[in-house]
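Colleague: Okay, handing you the structure first.
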Amino acid sequence: MTTATRPALVALDIPSPPSWRRLRLAGADTATLTQRELLIWMRNPAFIFFTIIQPVMFVLLFRYVFAGAIPVKIPGGYVDFLMPGIIAQSAAFASFGTAIALARQLQKGVIDRFRAMPMARSAVLLGRLSADVVRLVVTLLVILGIGYAVGFRFHNGALPAVLMLVLGVALGLTICTVSAYVGLAVKDEESVSSFGLVWLFPLTFVSNAFVPVGTMPGWLQAFAKNQPVTIVIDEMRSLALGGPLALHAWQSAAWLAGIVAVFVPLAVRAYRRAT
Amino acid sequence: MVAPEGEPAGPVAGDGRQPRWDGPAIVVEDVHKSFGDVHALRGIDLAVERGKVLGVLGPNGAGKTTAVKILTTLLRPDRGRALVEGRDVARSPAAVREIIGLAGQSTAIQEELTGRENLDIMGRLYHVDAGTRRQRAEELLERFELQDAADRPAKGYSGGMQRRLDLALSLVAHPRVVFLDEPTTGLDPRSRMAMWDVIREMVGSGMTLLLTTQYLEEADALADEIVVIDRGLVIAAGTSQELKNRIGGDVLEFVVERRRSAEAAQAVRGLSGAEPIIDAETGRVSLRVGTEGSQALVETVRRLDELGIHTEDLGIRRPSLDDVFLALTGHGAADEGDVAGSRRDKRARRRSDRRAS
């Protein structure tokens, strides 16, 4: 638009930085936000409670209150049955924090502020998820320690034991991507914390985490046997206690990869739209 | 497009890293933005010279926040363009983000972290090196009077302290252009004054500032120039004095018994060029009196006394945003619902629009 009185302003042509530099900065930004999220986590008593104290209470509750009433036919008894399940359940529940933190940051405008800064856009989600991985590892190691104290033992060697933990973290991280999507799509901390995560309950409790699926009514078994959390727990039990690995390994990998493939793009889209 | 000779309007060859720009620090040309059927901006133009403070004045829902979001690359304009130090917000958003700071209503503070930690993390996200970050944090904590609270979690800060920290966060990387979106909304009067002092101190170092506000006094206190926006359009622009002259300066106001308000208005008619306005419900009579306030005041007392009309609340006050709006648009500065807000707000607004029609 040119007028006689004012010359048209020609905007500066600013070349974007080379991609290697952008990548390096994205890495640095992700590291910064990971640290930030972890600092926040450590300072927040409620987060510590949900990710450490609550799972520990679950272990003690099931180990000493329900154990006698739940018949399992494995050599190590209920505690060996329980631990892989409770590790999976805690990993899944740890994703609570992801949804709540993202919804809160959106609501308060923190994410808007980040977007007006010269930082990589991907860093908000990547930083969040890498902090979640650290959080999951800490939580699962604490639970495992308690498990050992109350009688749980690995029966299948060191490498499978490590792989079981890795699978637990992978399950947790996968559910964190779903949770990230929920947090970014719902955008309201209150709603997220009151009903945004109810789907976690059937997913973790209607599974083989605490009881053998065979004890459930037939119609419920159909769901419980085939849902991803059960399949992952089956694999975790095989890794911890010994048993067939191959079939459930593939099924677990397929489920987790499938969920990530669906929810990461959804979360990214919700994040882009949430302004 | 080539800028005519002698006009240093386009990009000028610089040192390669920081291209020089000799145009205004902020240029907005015919920017439109709609959200569905809500037209938040209907073609606004702005220009702010480097080192100046522009106050964008308007009620809730006028489009202020939308304008700031476009200038800070959070929203793309539907039509028109916006340049910040010569960088097109839609075409080179990354280059714009390098040189701007944003603060205001929405807070970037993380309450679990201390003031110093908040500043340090911001600095890291602007890719400032560690030594400079420490030094800069110290400097900003001192300037914003936050040293004593620097190592306490921001959760325990007062409202005013949180706003000051928020502002400090936006300055970490020495931005060339700063946007403050309603920096004092919701603060008590004392904190507001403190915030004004801080903002005044901030400018003057060549930094360009655009601030939005709902308060005329605030724009008056801080801005070199003011634009008034209403329903997505710029309806007036000028210095604070020019605007006040335009609306007739100070306002004389008093309250009388409702049944005698017409009589009282008749009595003061002619004291200034303006017509007295009667609020029939409260018996409040107001008259724009320009700069002749004290004289008009004395005369009003005399005339009403002669008529034996008893007055309450007689006095002179500075014009408020409401007066500006009444004078410029014929409607008050009522809350119109924040257009840039959530979908819920938009739905509510549509509902109220339907009710109104």
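FYI, nothing fancy with the structure tokens labels: chains A, B, ... in order, residues from 1 per chain, ligands from 1 as they appear.
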Would you list the contacts of segment 141-157 of chain A as number ranges by chain, taking every protein, DNA or RNA residue within 6 Å and counting only C-alpha atoms, but skipping same-chain residues closer than 4 positions in sequence?
Modeller: A: 56, 79-80, 240-242
Colleague: Might you pull out every residue within 6 Å of segment 19-36 of chain B, with only C-alpha atoms counted and same-chain residues fewer than 5 positions away left off, and present them as a PyMOL selection string?
Modeller: chain B and resi 9+11-12+14+41-50+77-86
Colleague: Can you measure atom CA of Phe47 of chain A to atom CA of Arg124 of chain B for me? One decimal in Å is fine.
Modeller: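 Rounded to one decimal, the two atoms are 25.0 Å apart.
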Colleague: Extract the full set of helix (DSSP H, G or I) residues from segment 150-236 of chain A according to DSSP on the backbone, and format it as a PyMOL selection string.
Modeller: chain A and resi 158-186+189-195+200-205+213-215+218-226+228-236
Colleague: Using the selection just defined, write its residues with C-alpha atoms as a tab-separated table (two decimals), in the first residue's frame.
Modeller:
chain	number	residue	atom	x	y	z
A	158	ALA	CA	19.65	-58.60	36.14
A	159	LEU	CA	19.13	-57.67	32.49
A	160	PRO	CA	15.44	-58.66	32.39
A	161	ALA	CA	14.99	-56.79	35.67
A	162	VAL	CA	16.37	-53.63	34.09
A	163	LEU	CA	14.23	-54.21	31.02
A	164	MET	CA	11.17	-54.52	33.24
A	165	LEU	CA	11.87	-51.08	34.69
A	166	VAL	CA	12.48	-49.66	31.23
A	167	LEU	CA	9.15	-51.08	30.09
A	168	GLY	CA	7.47	-49.54	33.14
A	169	VAL	CA	8.96	-46.14	32.29
A	170	ALA	CA	7.94	-46.58	28.64
A	171	LEU	CA	4.36	-47.32	29.71
A	172	GLY	CA	4.37	-44.27	31.98
A	173	LEU	CA	5.78	-42.03	29.26
A	174	THR	CA	3.24	-43.31	26.76
A	175	ILE	CA	0.40	-42.47	29.12
A	176	CYS	CA	2.04	-39.07	29.73
A	177	THR	CA	1.58	-38.28	26.01
A	178	VAL	CA	-2.14	-39.05	26.35
A	179	SER	CA	-2.21	-36.99	29.50
A	180	ALA	CA	-0.38	-34.11	27.79
A	181	TYR	CA	-3.05	-34.10	25.11
A	182	VAL	CA	-5.81	-34.08	27.75
A	183	GLY	CA	-4.16	-31.20	29.62
A	184	LEU	CA	-3.66	-29.12	26.47
A	185	ALA	CA	-7.11	-29.85	25.08
A	186	VAL	CA	-9.05	-29.26	28.31
A	189	GLU	CA	-6.56	-27.07	35.73
A	190	GLU	CA	-9.68	-27.66	37.82
A	191	SER	CA	-11.46	-29.72	35.19
A	192	VAL	CA	-8.33	-31.72	34.47
A	193	SER	CA	-7.74	-32.56	38.11
A	194	SER	CA	-11.37	-33.43	38.81
A	195	PHE	CA	-12.40	-35.49	35.77
A	200	LEU	CA	-6.88	-43.96	34.14
A	201	PHE	CA	-8.92	-45.88	36.70
A	202	PRO	CA	-10.50	-48.56	34.49
A	203	LEU	CA	-7.26	-48.79	32.54
A	204	THR	CA	-5.18	-49.60	35.60
A	205	PHE	CA	-7.66	-51.37	37.90
A	213	VAL	CA	-7.98	-61.57	35.38
A	214	GLY	CA	-9.60	-65.00	35.79
A	215	THR	CA	-11.30	-63.83	39.00
A	218	GLY	CA	-16.64	-62.95	31.96
A	219	TRP	CA	-17.78	-59.72	30.30
A	220	LEU	CA	-15.12	-57.76	32.17
A	221	GLN	CA	-12.42	-60.31	31.35
A	222	ALA	CA	-12.87	-59.59	27.66
A	223	PHE	CA	-11.72	-56.02	28.25
A	224	ALA	CA	-9.23	-56.76	31.02
A	225	LYS	CA	-7.38	-59.42	29.03
A	226	ASN	CA	-6.92	-57.41	25.89
A	228	PRO	CA	-2.72	-52.49	26.75
A	229	VAL	CA	-1.97	-52.14	30.45
A	230	THR	CA	-2.62	-55.85	31.03
A	231	ILE	CA	-0.46	-56.80	28.08
A	232	VAL	CA	2.41	-54.63	29.28
A	233	ILE	CA	2.09	-56.01	32.83
A	234	ASP	CA	2.16	-59.58	31.48
A	235	GLU	CA	5.43	-58.77	29.78
A	236	MET	CA	6.78	-57.07	32.91
Colleague: To one decimal place in Å, what is the distance between atom CA of Gly115 of chain B and atom CA of Leu141 of chain B?
Modeller: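 So the two atoms, atom CA of Gly115 of chain B and atom CA of Leu141 of chain B, lie 8.1 Å apart.
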Colleague: Find the distance between atom CA of Thr139 of chain A and atom CA of Gln110 of chain B and write it in Å to one decimal.
Modeller: 23.5 Å
Colleague: May I have all residues of segment 186-219 of chain B that DSSP, computed from the backbone, assigns to strand (DSSP E), given as a PyMOL selection string?
Modeller: chain B and resi 208-213
Colleague: Write out as a list in words the residues lying within 8 Å of segment 157-168 of chain B, counting only C-alpha atoms and excluding same-chain residues fewer than 6 positions away.
Modeller: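 That gives Leu102, Ala103, Gly104, Thr107, Ala108, Ile109, Gly115, Leu119, Leu140, Leu141, Phe144, Leu146, Ala149, Pro183, Thr184, Leu187, Ser191, Arg192, Ala194, Met195 and Val198 of chain B.
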Colleague: Near Arg284 of chain B, counting only C-alpha atoms, which residues have an atom at most 12 Å away, once you skip same-chain residues fewer than 3 positions from it, shown as a list in words?
Modeller: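 The residues that qualify are Leu252, Glu253, Phe254, Val255, Val256, Glu257, Arg258, Arg259, Arg260, Ser261, Ala262, Ala264, Ala265, Pro276, Ile277, Ile278, Asp279, Ala280, Glu281, Leu287, Thr311, Glu312, Asp313, Leu314 and Gly315 of chain B.
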